[in-house]
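Everything on this sheet refers to the single structure shown next.
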Amino acid sequence: MSPTQRSLADFGNDTWWVVLIKVVLIFGVCVVLTLFNIWWERRVVARMQHRIGPNVNGPFGLLQSLADGVKLALKEDLTPDKADRIVFIIAPILAVVPSFVTFSVIPFGPVVDFLGQRTPLQLTDLPVAVLFVMAIASVGIYGIVLGGWASGSTYSLLGGLRSSAQMISYEVAMGLALVSVFMYAGSLSTSAIVAAQGDMWFGLVLMPSFLIYAISMVGETNRAPFDLPEAEGELVGGFHTEYSSLKFALFFLAEYVNMATVSALATTLFLGGWHAPLWIDHVWAGANEGYWPLLWFFGKLLGFVWVFIWLRGSLPRLRYDQFMALGWKRLIPLALVWILVVATVRVIALENGFDPRWVAVPAVLFTAGMLVVLLRGPKAPEMPVAEHQGAFPVPPMPIGGAVRGRAEALVFPSPAPTRSIEEAS
Amino acid sequence: MTATYVITAPMMILAALGILVVRKAVHAALLLAVVMINLALVYASLDAPFLFAVQIIVYTGAVLMLFLFVLMLVGVDVSDSVVETIKGHRVASLAAGLLLGVLLVVMIGQLSLGTMKGLAQANAGGNLEALADQLFGRYVVAFEATSALLITAAVGAMVLAHRERTEPKPSQAELARDRVRSYGETGLHLGPLPPPGTLARHNAVGTPALLPDGSPSSKSVPSTLHGPRELEEHK
């Protein structure tokens, strides 16, 4: 029996109420992750910019995104005069539904005892689960593209156009990065891919694929520095310029759930999914059993989300032609060459009977070469440098040098007790 | 299978009919997407998961997205005109369609199929593995020939669309100099175009700016969004 069939046999045996609970749990996890990620992003970016960030509502300001969400939902819902009404309403729904659906094939953990039933911590699995995720994600982009078109505004239209071009370009690089994982796992089902990474993560042996996937997943989710469809410096808000209230909230939700989805997929494909990191399971055998894998899985997922936030906090947005050149002239050719390398090593390993994990050696070399290709920018044209006069009025440096770390917490002196209205009257 | 079919088949037929009826090209493209996704669902219910994923990725995700890309550039309010531009066009296309239908019916009627082996036997080693075995085993020559054909088509499209630049790209300084020169020679306005909404009742992107005599300025609104009809409305 092939590993695919063995792991796929665990699925499709659940009773209906277990399936229902799993669906509700996945929905809840996605929504809570979104609320948490918004708060986390604001706090981390604030730290990077010497600010404090939301810290008033709830412990550590955790309830800030909930309050913002409620406020957003209660705002006036505007529809522009020139909008195509039906498509204008369908678009945000089309963006948000697929982002939730893709989570159904993500493995959160192994087979566990779930309320007295033996069931895997995963809603379902398919023999083509990874392709399913890519297919559903491509439907989600329709929401953005149609939202941009239906708004009847130039900015939105340009945002939608950029989004469609971006999605087509970066999905190619993403798909090519996944091919080597499929070759090594021998399957396209997510649970089988996780099972194949029991002793070695694909992120290590297939490092170039991991890098290419990591770059293209940022492009695929429209996050900084690749957030060209909503570049506020050029397009106001891009595809969601004309959206307000709940419809805008749906786009926002879709973006954050997509961020979690691609992070979960990266964890599953490259970082061993729910397997314990750093060989913890060699010291403590129980690390990969029961509900503990949930901890490793969400730890890795949040690690990816942190990288997303870090990128947003530190990198400027790419120019559109640079972005397209990166995708088509660098990432796709590199991915194609890497597939050839992997296939060659795999065939040699299979025919001569040595460990296919030796691919790690060319992987490291290829990664080094790839970084050289990616980081080497075009030669800057020689510009005449103006003579510095030293007379430009620059504000003085703050006392004690440049600001480092988080800003000082604001402390408000407690107001002097005042008489209430009843006492006054 | 039956439940999926009962839901998807009427939806597909309705959407396909809708493509013929709707006026806006983008709506037709959307309905085509509905047909394609429902078709994918039928594949999924018929134990062909790989075909399901590929149908959505390739047709809905890539091909139709390119259609949309082009349609969106045409403009928001462009609807199909019902005026016949070529004489006898309608009758000719009806006749051609009927002929094609008759041809298909006659062809399929004379076709004889071998005995069915059933899904279970076709998917015996796993759907994906069985498909790969067929593609890279029995039909490998046809598969490679098709891919060579596709690559040739892609290269051909690039060759036809590519244009060598015969003169160096003008720099920003040169563009500015040309603008000032044309102002000096022909009096062409030197500054930026009037922004939408200037002196008008709204400042939305679609509201044309008003000129000193009160007439709307066609230069202030992008032509992809608004034709001459919309300009008249704002008078």
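Following the order of the structure tokens, chains are lettered A, B, ..., residues in each are numbered from 1, and ligands are numbered from 1.
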
Requested in this report: Using only C-alpha atoms, select each residue of chain A with any atom at most 9 Å away from an atom of chain B, and give the selection as a PyMOL selection string.
Outcome: chain A and resi 2+4-5+82-84+87+126-129+131-139+141-142+145-146+149-150+152-155+157+160-161+164-165+167-168+187-188

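Residues in contact with Ile280 (chain A) at 12 Å, where only C-alpha atoms are counted and same-chain residues fewer than 4 positions away are skipped, are listed as A:Asp199, A:His275, A:Ala276, A:Trp284, A:Ala285, A:Gly286, A:Ala287, A:Asn288, A:Trp292, A:Pro293, A:Trp296.
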
Requested in this report: Go ahead and compute the interatomic distance for CA of Ser65 (chain A) and CA of Trp39 (chain A), in Å to one decimal.
Outcome: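 Rounded to one decimal, the two atoms are 6.0 Å apart.
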
Query - 12 Å contact set for Ile7 (chain B), only C-alpha atoms, chain neighbours under 3 positions out, as a list of chain:residue names - result: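 Those residues are B:Met1, B:Thr2, B:Ala3, B:Thr4, B:Pro10, B:Met11, B:Met12, B:Ile13, B:Leu14, B:Asn38, B:Leu39, B:Leu41, B:Val42, B:Ser45.
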
Query raised in the report: Please, which residues of region 72-297 of chain A, numbered as in this document, come out strand (DSSP E or B) from DSSP, as an MDAnalysis selection string?
Result: chainID A and resid 109:114 117:121

May I have the residues from that selection written out with all heavy atoms, as a short mmCIF file (atom, residue, chain, number, x, y, z; two decimals), in the first residue's frame?
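Okay, again.cif is ready:
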```
data_model
loop_
_atom_site.label_atom_id
_atom_site.label_comp_id
_atom_site.auth_asym_id
_atom_site.auth_seq_id
_atom_site.Cartn_x
_atom_site.Cartn_y
_atom_site.Cartn_z
N GLY A 109 -2.90 18.31 13.32
CA GLY A 109 -2.27 17.36 14.21
C GLY A 109 -2.54 15.94 13.76
O GLY A 109 -3.20 15.71 12.75
N PRO A 110 -2.01 14.96 14.51
CA PRO A 110 -2.19 13.55 14.14
C PRO A 110 -3.60 13.06 14.52
O PRO A 110 -4.45 13.84 14.92
CB PRO A 110 -1.12 12.85 14.97
CG PRO A 110 -0.97 13.72 16.18
CD PRO A 110 -1.23 15.12 15.74
N VAL A 111 -3.82 11.75 14.41
CA VAL A 111 -5.09 11.15 14.82
C VAL A 111 -5.18 11.19 16.34
O VAL A 111 -4.24 10.80 17.04
CB VAL A 111 -5.19 9.70 14.31
CG1 VAL A 111 -6.49 9.08 14.75
CG2 VAL A 111 -5.06 9.67 12.81
N VAL A 112 -6.28 11.74 16.86
CA VAL A 112 -6.42 11.90 18.32
C VAL A 112 -7.76 11.36 18.77
O VAL A 112 -8.62 11.03 17.96
CB VAL A 112 -6.33 13.39 18.72
CG1 VAL A 112 -4.95 13.93 18.50
CG2 VAL A 112 -7.37 14.20 18.01
N ASP A 113 -7.90 11.27 20.09
CA ASP A 113 -9.20 10.96 20.69
C ASP A 113 -9.98 12.24 20.79
O ASP A 113 -9.60 13.15 21.52
CB ASP A 113 -9.00 10.37 22.10
CG ASP A 113 -8.77 8.89 22.03
OD1 ASP A 113 -9.45 8.24 21.22
OD2 ASP A 113 -7.91 8.39 22.78
N PHE A 114 -11.06 12.34 20.03
CA PHE A 114 -11.82 13.58 19.97
C PHE A 114 -13.22 13.29 20.48
O PHE A 114 -14.03 12.69 19.77
CB PHE A 114 -11.84 14.09 18.53
CG PHE A 114 -12.49 15.42 18.34
CD1 PHE A 114 -11.83 16.58 18.72
CD2 PHE A 114 -13.75 15.52 17.80
CE1 PHE A 114 -12.42 17.82 18.54
CE2 PHE A 114 -14.34 16.75 17.62
CZ PHE A 114 -13.68 17.91 17.99
N GLN A 117 -14.10 9.79 19.98
CA GLN A 117 -13.96 9.26 18.62
C GLN A 117 -12.50 9.36 18.20
O GLN A 117 -11.81 10.30 18.58
CB GLN A 117 -14.80 10.10 17.64
CG GLN A 117 -16.25 10.24 18.02
CD GLN A 117 -17.13 9.31 17.22
OE1 GLN A 117 -16.77 8.91 16.13
NE2 GLN A 117 -18.28 8.97 17.77
N ARG A 118 -12.03 8.37 17.41
CA ARG A 118 -10.68 8.46 16.85
C ARG A 118 -10.77 9.25 15.54
O ARG A 118 -11.46 8.84 14.61
CB ARG A 118 -10.12 7.06 16.55
CG ARG A 118 -9.87 6.23 17.78
CD ARG A 118 -8.64 6.66 18.53
NE ARG A 118 -7.39 6.45 17.79
CZ ARG A 118 -6.22 6.97 18.17
NH1 ARG A 118 -6.17 7.75 19.22
NH2 ARG A 118 -5.13 6.71 17.49
N THR A 119 -10.11 10.38 15.47
CA THR A 119 -10.22 11.18 14.24
C THR A 119 -8.97 12.03 14.07
O THR A 119 -8.36 12.46 15.06
CB THR A 119 -11.48 12.07 14.28
OG1 THR A 119 -11.54 12.84 13.11
CG2 THR A 119 -11.48 12.99 15.49
N PRO A 120 -8.52 12.27 12.81
CA PRO A 120 -7.38 13.16 12.61
C PRO A 120 -7.76 14.62 12.84
O PRO A 120 -8.92 14.99 12.63
CB PRO A 120 -6.99 12.93 11.15
CG PRO A 120 -8.17 12.33 10.51
CD PRO A 120 -9.02 11.71 11.56
N LEU A 121 -6.81 15.42 13.31
CA LEU A 121 -7.08 16.86 13.54
C LEU A 121 -6.99 17.61 12.22
O LEU A 121 -6.15 18.48 12.02
CB LEU A 121 -6.07 17.43 14.53
CG LEU A 121 -6.36 17.19 16.00
CD1 LEU A 121 -5.27 17.80 16.85
CD2 LEU A 121 -7.70 17.78 16.40
#
```

Query raised in the report: Near Ser217 (chain B), counting only C-alpha atoms, which residues have an atom at most 6 Å away, once you skip same-chain residues fewer than 6 positions from it, shown as a PyMOL selection string?
Result: chain B and resi 208-210

Restricting the output to C-alpha atoms, write the selected residues as a short mmCIF file (atom, residue, chain, number, x, y, z; two decimals), in the first residue's frame.
```cif
data_model
loop_
_atom_site.label_atom_id
_atom_site.label_comp_id
_atom_site.auth_asym_id
_atom_site.auth_seq_id
_atom_site.Cartn_x
_atom_site.Cartn_y
_atom_site.Cartn_z
CA PRO B 208 -15.68 66.03 -14.73
CA ALA B 209 -14.16 69.38 -13.83
CA LEU B 210 -16.05 72.46 -15.00
#
```

Report task. Have a look at A:Ala177, A:Leu302, A:Ala91, A:Val218 and name the one nearest to Ile144 (chain A); count only C-alpha atoms. Result -> A:Ala91

Requested in this report: Give me the residues within 7 Å of Ser104 (chain A) as a ChimeraX atom specification, counting only C-alpha atoms and dropping any in the same chain fewer than 2 places off.
Outcome: /A:101-102,106,122-124

Same residues, all heavy atoms, output as a PDB file, in the first residue's frame:
```pdb
ATOM      1  N   VAL A 101     -12.269  28.242   3.096  1.00  0.00           N
ATOM      2  CA  VAL A 101     -12.382  26.866   2.575  1.00  0.00           C
ATOM      3  C   VAL A 101     -11.019  26.181   2.527  1.00  0.00           C
ATOM      4  O   VAL A 101     -10.900  24.995   2.839  1.00  0.00           O
ATOM      5  CB  VAL A 101     -13.034  26.883   1.176  1.00  0.00           C
ATOM      6  CG1 VAL A 101     -12.975  25.515   0.540  1.00  0.00           C
ATOM      7  CG2 VAL A 101     -14.466  27.349   1.277  1.00  0.00           C
ATOM      8  N   THR A 102      -9.958  26.950   2.186  1.00  0.00           N
ATOM      9  CA  THR A 102      -8.654  26.317   2.045  1.00  0.00           C
ATOM     10  C   THR A 102      -8.167  25.708   3.349  1.00  0.00           C
ATOM     11  O   THR A 102      -7.388  24.768   3.331  1.00  0.00           O
ATOM     12  CB  THR A 102      -7.597  27.333   1.572  1.00  0.00           C
ATOM     13  OG1 THR A 102      -7.803  28.543   2.277  1.00  0.00           O
ATOM     14  CG2 THR A 102      -7.715  27.582   0.101  1.00  0.00           C
ATOM     15  N   ILE A 106      -5.870  21.612   5.803  1.00  0.00           N
ATOM     16  CA  ILE A 106      -4.629  21.826   6.554  1.00  0.00           C
ATOM     17  C   ILE A 106      -4.594  20.869   7.744  1.00  0.00           C
ATOM     18  O   ILE A 106      -5.522  20.862   8.548  1.00  0.00           O
ATOM     19  CB  ILE A 106      -4.545  23.277   7.065  1.00  0.00           C
ATOM     20  CG1 ILE A 106      -4.587  24.259   5.904  1.00  0.00           C
ATOM     21  CG2 ILE A 106      -3.298  23.484   7.907  1.00  0.00           C
ATOM     22  CD1 ILE A 106      -3.378  24.277   5.045  1.00  0.00           C
ATOM     23  N   GLN A 122      -7.890  17.262  11.333  1.00  0.00           N
ATOM     24  CA  GLN A 122      -7.905  17.853  10.001  1.00  0.00           C
ATOM     25  C   GLN A 122      -9.293  17.583   9.461  1.00  0.00           C
ATOM     26  O   GLN A 122      -9.808  16.469   9.624  1.00  0.00           O
ATOM     27  CB  GLN A 122      -6.839  17.172   9.136  1.00  0.00           C
ATOM     28  CG  GLN A 122      -6.777  17.661   7.716  1.00  0.00           C
ATOM     29  CD  GLN A 122      -5.646  16.985   6.935  1.00  0.00           C
ATOM     30  OE1 GLN A 122      -4.926  16.139   7.457  1.00  0.00           O
ATOM     31  NE2 GLN A 122      -5.507  17.331   5.689  1.00  0.00           N
ATOM     32  N   LEU A 123      -9.921  18.581   8.839  1.00  0.00           N
ATOM     33  CA  LEU A 123     -11.308  18.379   8.417  1.00  0.00           C
ATOM     34  C   LEU A 123     -11.393  17.281   7.375  1.00  0.00           C
ATOM     35  O   LEU A 123     -12.150  16.333   7.506  1.00  0.00           O
ATOM     36  CB  LEU A 123     -11.891  19.686   7.872  1.00  0.00           C
ATOM     37  CG  LEU A 123     -13.328  19.584   7.384  1.00  0.00           C
ATOM     38  CD1 LEU A 123     -14.236  19.134   8.509  1.00  0.00           C
ATOM     39  CD2 LEU A 123     -13.799  20.903   6.825  1.00  0.00           C
ATOM     40  N   THR A 124     -10.582  17.398   6.312  1.00  0.00           N
ATOM     41  CA  THR A 124     -10.603  16.373   5.268  1.00  0.00           C
ATOM     42  C   THR A 124      -9.281  16.393   4.530  1.00  0.00           C
ATOM     43  O   THR A 124      -8.450  17.278   4.750  1.00  0.00           O
ATOM     44  CB  THR A 124     -11.747  16.615   4.272  1.00  0.00           C
ATOM     45  OG1 THR A 124     -11.740  15.561   3.313  1.00  0.00           O
ATOM     46  CG2 THR A 124     -11.599  17.924   3.551  1.00  0.00           C
TER      47      THR A 124
END
```

Query raised in the report: Do you know which residues are at most 9 Å from region 325-333 of chain A counting only C-alpha atoms, after dropping those on the same chain fewer than 4 positions away, and could you put them as a list of chain:residue names?
Result: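 Skipping anything fewer than 4 positions along the chain leaves A:Gln166, A:Ser169, A:Tyr170, A:Val172, A:Ala173, A:Met174, A:Leu176, A:Ala177, A:Ile212, A:Ile215, A:Ser216, A:Tyr320, A:Asp321, A:Val337, A:Trp338, A:Met370, A:Val373, A:Leu374.
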
Selected residues written out with N, CA, C and O atoms, as a JSON list (two decimals), in the first residue's frame:
```
[["chain", "number", "residue", "atom", "x", "y", "z"],
["A", 166, "GLN", "N", -0.59, 40.15, -10.95],
["A", 166, "GLN", "CA", 0.26, 39.68, -9.87],
["A", 166, "GLN", "C", -0.03, 38.23, -9.53],
["A", 166, "GLN", "O", 0.87, 37.41, -9.36],
["A", 169, "SER", "N", 1.22, 35.81, -12.27],
["A", 169, "SER", "CA", 2.68, 35.68, -12.30],
["A", 169, "SER", "C", 3.20, 34.88, -11.12],
["A", 169, "SER", "O", 4.04, 34.01, -11.27],
["A", 170, "TYR", "N", 2.71, 35.20, -9.92],
["A", 170, "TYR", "CA", 3.31, 34.58, -8.75],
["A", 170, "TYR", "C", 2.78, 33.20, -8.47],
["A", 170, "TYR", "O", 3.42, 32.43, -7.76],
["A", 172, "VAL", "N", 2.59, 30.97, -10.75],
["A", 172, "VAL", "CA", 3.48, 30.10, -11.52],
["A", 172, "VAL", "C", 4.70, 29.75, -10.67],
["A", 172, "VAL", "O", 5.05, 28.57, -10.51],
["A", 173, "ALA", "N", 5.35, 30.77, -10.10],
["A", 173, "ALA", "CA", 6.54, 30.52, -9.28],
["A", 173, "ALA", "C", 6.19, 29.64, -8.09],
["A", 173, "ALA", "O", 6.93, 28.72, -7.73],
["A", 174, "MET", "N", 5.03, 29.90, -7.49],
["A", 174, "MET", "CA", 4.59, 29.14, -6.31],
["A", 174, "MET", "C", 4.40, 27.67, -6.68],
["A", 174, "MET", "O", 4.91, 26.77, -6.00],
["A", 176, "LEU", "N", 5.70, 26.01, -9.16],
["A", 176, "LEU", "CA", 6.98, 25.37, -9.48],
["A", 176, "LEU", "C", 7.76, 25.04, -8.22],
["A", 176, "LEU", "O", 8.45, 24.03, -8.15],
["A", 177, "ALA", "N", 7.63, 25.91, -7.19],
["A", 177, "ALA", "CA", 8.35, 25.65, -5.94],
["A", 177, "ALA", "C", 7.80, 24.39, -5.27],
["A", 177, "ALA", "O", 8.51, 23.70, -4.56],
["A", 212, "ILE", "N", 11.70, 30.21, -2.56],
["A", 212, "ILE", "CA", 10.86, 30.69, -3.66],
["A", 212, "ILE", "C", 9.41, 30.73, -3.20],
["A", 212, "ILE", "O", 8.68, 31.70, -3.46],
["A", 215, "ILE", "N", 8.83, 33.74, -0.89],
["A", 215, "ILE", "CA", 8.73, 35.03, -1.58],
["A", 215, "ILE", "C", 7.40, 35.13, -2.31],
["A", 215, "ILE", "O", 6.70, 36.15, -2.22],
["A", 216, "SER", "N", 7.02, 34.05, -3.00],
["A", 216, "SER", "CA", 5.79, 34.16, -3.80],
["A", 216, "SER", "C", 4.55, 34.16, -2.93],
["A", 216, "SER", "O", 3.51, 34.67, -3.34],
["A", 320, "TYR", "N", 6.18, 48.67, -9.66],
["A", 320, "TYR", "CA", 5.45, 47.59, -10.32],
["A", 320, "TYR", "C", 6.32, 46.81, -11.30],
["A", 320, "TYR", "O", 6.30, 45.59, -11.33],
["A", 321, "ASP", "N", 7.14, 47.51, -12.11],
["A", 321, "ASP", "CA", 7.94, 46.79, -13.10],
["A", 321, "ASP", "C", 9.03, 45.96, -12.43],
["A", 321, "ASP", "O", 9.37, 44.87, -12.88],
["A", 337, "VAL", "N", 15.18, 25.67, -12.99],
["A", 337, "VAL", "CA", 16.50, 25.04, -12.90],
["A", 337, "VAL", "C", 16.56, 24.15, -11.66],
["A", 337, "VAL", "O", 17.06, 23.02, -11.72],
["A", 338, "TRP", "N", 15.99, 24.60, -10.56],
["A", 338, "TRP", "CA", 16.02, 23.83, -9.32],
["A", 338, "TRP", "C", 15.25, 22.52, -9.46],
["A", 338, "TRP", "O", 15.68, 21.48, -8.95],
["A", 370, "MET", "N", 21.38, 31.41, -5.60],
["A", 370, "MET", "CA", 20.11, 32.10, -5.78],
["A", 370, "MET", "C", 20.11, 33.45, -5.07],
["A", 370, "MET", "O", 19.64, 34.46, -5.61],
["A", 373, "VAL", "N", 21.89, 35.91, -7.13],
["A", 373, "VAL", "CA", 21.09, 36.39, -8.26],
["A", 373, "VAL", "C", 20.00, 37.34, -7.80],
["A", 373, "VAL", "O", 19.73, 38.38, -8.41],
["A", 374, "LEU", "N", 19.34, 36.97, -6.66],
["A", 374, "LEU", "CA", 18.19, 37.78, -6.21],
["A", 374, "LEU", "C", 18.61, 39.12, -5.64],
["A", 374, "LEU", "O", 17.94, 40.12, -5.81]]
```

Query raised in the report: Which of region 8-207 of chain B counts as alpha helix (DSSP H) under DSSP, as JSON, numbers by chain please?
Result: {"B": [8, 9, 10, 11, 12, 13, 14, 15, 16, 17, 18, 19, 20, 21, 25, 26, 27, 28, 29, 30, 31, 32, 33, 34, 35, 36, 37, 38, 39, 40, 41, 42, 43, 44, 45, 49, 50, 51, 52, 53, 54, 64, 65, 66, 67, 68, 69, 70, 71, 72, 73, 74, 89, 90, 91, 92, 93, 94, 95, 96, 97, 98, 99, 100, 101, 102, 103, 104, 105, 106, 107, 108, 109, 119, 120, 121, 122, 127, 128, 129, 130, 131, 132, 133, 140, 141, 142, 143, 144, 145, 146, 147, 148, 149, 150, 151, 152, 153, 154, 155, 156, 157, 158, 159, 160, 161, 172, 173, 174, 175, 176, 177, 178, 179, 180, 181, 182, 183, 184, 185, 186]}

Query - Atom pair CA of Val205 (chain A) / CA of Phe103 (chain A): separation (Å) - result: 25.8 Å

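Residues with any atom within 10 Å of region 171-181 of chain B, counting only C-alpha atoms and excluding same-chain neighbours fewer than 5 positions away, are Thr186, Gly187, Leu188, His189, Leu190 and Gly191 of chain B.
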
Query - Among listed residues A:Val342, A:Leu246, A:Val130, A:Ile90, nearest Glu76 (chain A) (using only C-alpha atoms) - result: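 The shortest atom-to-atom distance to Glu76 (chain A) comes from A:Leu246.
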